[in-house]
Amino acid sequence: RCILKMVKENIVDPEEILSFCCNGLQGSTSPPRAQEPGEREEVPGTMASPSPTRNPTEVQMSQLVLPCHTNHRGELSTGQLLKWIDTAACLSAERHAGCPCVTASMDDIYFEHTISVGQVVNIKAKVNRAFNSSMEVGIQVSYEDLCSGKHCSICKAYATFVAQGPSGCKVKLKPLTPQTEEEKIEHSIAAERRRMRLVHKDTLKDLLTHSAHETVELETRDGSAAVPAEKTRVESVELVLPPHANHQGNTFGGQIMAWMENVATIAASRLCHAHPTLRAIEMFHFRGPSQVGDRLVLKAIVNNAFKNSMEVGVCAEAYGQEMSVSRRHINSAFMTFVVLDQEGRPCTLPMVAPEPGDGERRYKEASARKKIRLDRKYVVSCKQTEVPLSVPWDQSNQVYLSYNNVSALKTLVAKANWTLAREKEKVRMYTLEEDKFLSFRIEMSVRITAGQAFRLLSDLRRRHEWDSHYASAELVQQVDDDDMIYHVVSQTLNRENKPQDFIILASRRKPCSKGDPYVVAFRSVTLPTHPASAAFTRGETLCSGFCIWPESEETSKVAYYNQATPGYLNYVTTNVAGLSSNFCATFEACEKFLLKNKEDLIMRLQDL
């Protein structure tokens with residue numbers, strides 16, 4: 001009122017009032033300071049831009065856990081956490097795509113800890129790699145205790161998002177260029193995770209085909225009758241309202257997951273008559289979208305109960321106002337629950353008597369999924385240093401051993417701080433000392449196409465033609481077009497005058513997109529059909545292989561990598577991987593082998 005009165009009485013000029021409002025409220029009415037050369041102008045009221053090394057797609061979210069977010073125990077509801085995870089991941093995906101994105105799938109999630117009321121959930125999401133119209137987003141979740149300052153990791157997840165243009169059409173995404181070593185590793189391995197998602201269903205089918213017939217026990221572990229699965233069945237309906245959807249009207253994937261977690265928890269509670277804790281969510285895919293106004297029917301049932309855990313199957317179907325229209329299948333998921341006692345130890349659960357027909361099928365599939373889940377967590381989730389050298393090769397873990405084989409090599413390739421140790425003509429040798437590993441990289445340029453070099457070097461049966469340390473290599477199992485298992489005999493003799501032998505998994509991959517190398521990865525596995533023999537000393541290789549990059553239409557860069565543990569370093573000069581004091585001669589022999597056989601390879605390909 002005073003200002004308005006002064007303006008009316010011409011005590012002050014209106015432009016002075018405007019200048020005061022624009023400048024004085026910023027904390028100073030003094031004239032602007034002259035800008036220094038090279039200094040960026042900062043827009044008032046805006047935050048400083050992120051550092052140049054920060055991924056431009058990175059999104060950080062911090063949420064204080066309030067009582068409205070928690071269950072009866074004062075712990076954060078997993079459904080609420082899933083909503084926050086999906087929201088952060090979607091914002092990261094849209095930041096890269098520049099258009100609306102929808103959740104296509106979510107990989108396995110293992111929840112390591114619970115979060116209590118009053119603690120802070122910190123979520124960091126960023127795009128690892130963009131493909132044609134989909135992209136992988138990596139999410140890291142941790143909690144922070146504001147009183148003690150303690151930080152603890154909760155889970156790590158990978159989600160796939162699809163960019164959508166007008167009318168729901170797909171959008172071709174721009175490629176993402178990784179900057180840091182960590183980003184380069186995630187970018188490289190994202191292609192392998194994508195491949196693993198595509199074959200996930202086939203893995204389950206193969207395991208069920210090869211598994212023996214499983215009989216259903218009718219007595220529980222405490223001697224009482226098994227609980228009929230029908231008693232755990234839950235059905236609930238939700239109306240999709242505007243707060244549940246994005247700006248395009250599509251239901252948030254995280255909201256659907258939260259509703260599914262709710263009915264799954266009820267089903268699990270009906271079996272154990274206690275309050276269960278969600279420990280893991282199986283990899284799942286969204287089959288289609290739902291919109292505001294849809295009715296979502298959510299169904300859940302306990303598929304199988306093991307000693308300390310149970311699997312609950314849950315599905316979501318959508319329909320509009322007209323019930324005459326068939327329901328649309330939106331999503332199916334499998335959730336693993338446990339029941340914890342006062343000390344946090346898992347309790348023994350009653351067994352389930354499945355329904356005839358589909359119930360028995362779900363019962364057997366739950367057992368197969370448990371085996372796959374344990375193998376996947378054992379092989380994929382743990383660090384490379386924690387994976388045993390020779391993991392048993394099994395029907396349930398072959399996809400994940402192949403993944404670990406290729407991802408370990410790609411991780412080694414993406415490492416920084418390689419040091420040039422020796423150079424002789426075209427051959428260069430680099431070393432990398434890290435923790436308890438000593439790694440080698442040997443590379444050269446060869447006048448051969450990358451595809452030709454890839455075909456020749458991926459066949460270990462021809463390795464003896466250029467590597468004097470190989471005596472023979474027998475193909476013992478052709479897993480598929482990309483994975484083979486060989487029994488390799490080395491020329492190396494031990495103190496007992498016995499040669500070494502190896503069981504080696506060879507995994508080969510063609511480039512996923514432009515700029516990717518051809519990859520041939522090697523690691524040791526254990527085959528029941530080929531146990532250690534008294535005639536040989538069984539050796540092991542942790543991580544080795546070739547990466548081949550095209551340099552021109554006729555020239556390629558061929559690089560060989562080998563990672564050795566301290567116990568393996570005794571064999572560095574004479575081991576099966578071809579590392580020797582005369583490594584230059586070995587690699588020069590490799591070049592001659594490639595040049596000699598590329599013409600024969602061209603002729604064979606033309607005859608096909």
# chains A, B, ... in the order shown; residues from 1 in each chain; ligands from 1
>>> residues_around(residues="Lys592 in chain A", least_positions_apart="2", cutoff="12 Å", atoms="only C-alpha atoms", output="ChimeraX atom specification")
/A:446-448,453,465-467,585-590,594-598
>>> residues_around(residues="Pro517 in chain A", least_positions_apart="6", cutoff="6 Å", atoms="only C-alpha atoms", output="compact mmCIF listing (two decimals) with N, CA, C and O atoms, in the first residue's frame")
# COMPACT_ATOMS: atom_id res chain seq x y z
N PRO A 511 29.41 -57.42 -33.02
CA PRO A 511 29.10 -56.07 -32.51
C PRO A 511 27.60 -55.84 -32.41
O PRO A 511 26.83 -56.25 -33.28
N CYS A 547 39.54 -59.02 -28.57
CA CYS A 547 38.64 -57.98 -29.04
C CYS A 547 39.20 -57.48 -30.37
O CYS A 547 40.41 -57.21 -30.49
N ILE A 548 38.32 -57.37 -31.36
CA ILE A 548 38.75 -57.03 -32.71
C ILE A 548 37.94 -55.84 -33.20
O ILE A 548 36.70 -55.90 -33.27
N TRP A 549 38.62 -54.75 -33.51
CA TRP A 549 37.97 -53.54 -34.00
C TRP A 549 38.32 -53.31 -35.47
O TRP A 549 39.51 -53.41 -35.85
>>> atom_distance(atom1="CA of Lys426 in chain A", atom2="CA of Val413 in chain A")
19.7 Å
>>> closest_residue(among="A:Tyr110, A:Tyr518, A:Phe583, A:Phe593", to="His464 in chain A", atoms="only C-alpha atoms")
A:Phe593
>>> residues_around(residues="range 487-491 of chain A", least_positions_apart="2", cutoff="6 Å", atoms="only C-alpha atoms", output="CSV table (one decimal) with C-alpha atoms, in the first residue's frame")
chain,number,residue,atom,x,y,z
A,469,HIS,CA,51.8,-73.6,-26.1
A,470,TYR,CA,48.7,-75.4,-27.4
A,471,ALA,CA,49.0,-79.1,-28.1
A,472,SER,CA,45.3,-79.8,-28.9
A,473,ALA,CA,41.8,-78.4,-28.4
A,474,GLU,CA,38.8,-80.7,-28.7
A,500,GLN,CA,48.3,-79.1,-18.2
A,501,ASP,CA,44.7,-79.4,-19.4
A,502,PHE,CA,41.8,-77.0,-19.3
A,503,ILE,CA,38.1,-77.0,-19.7
A,576,VAL,CA,47.7,-72.0,-22.1
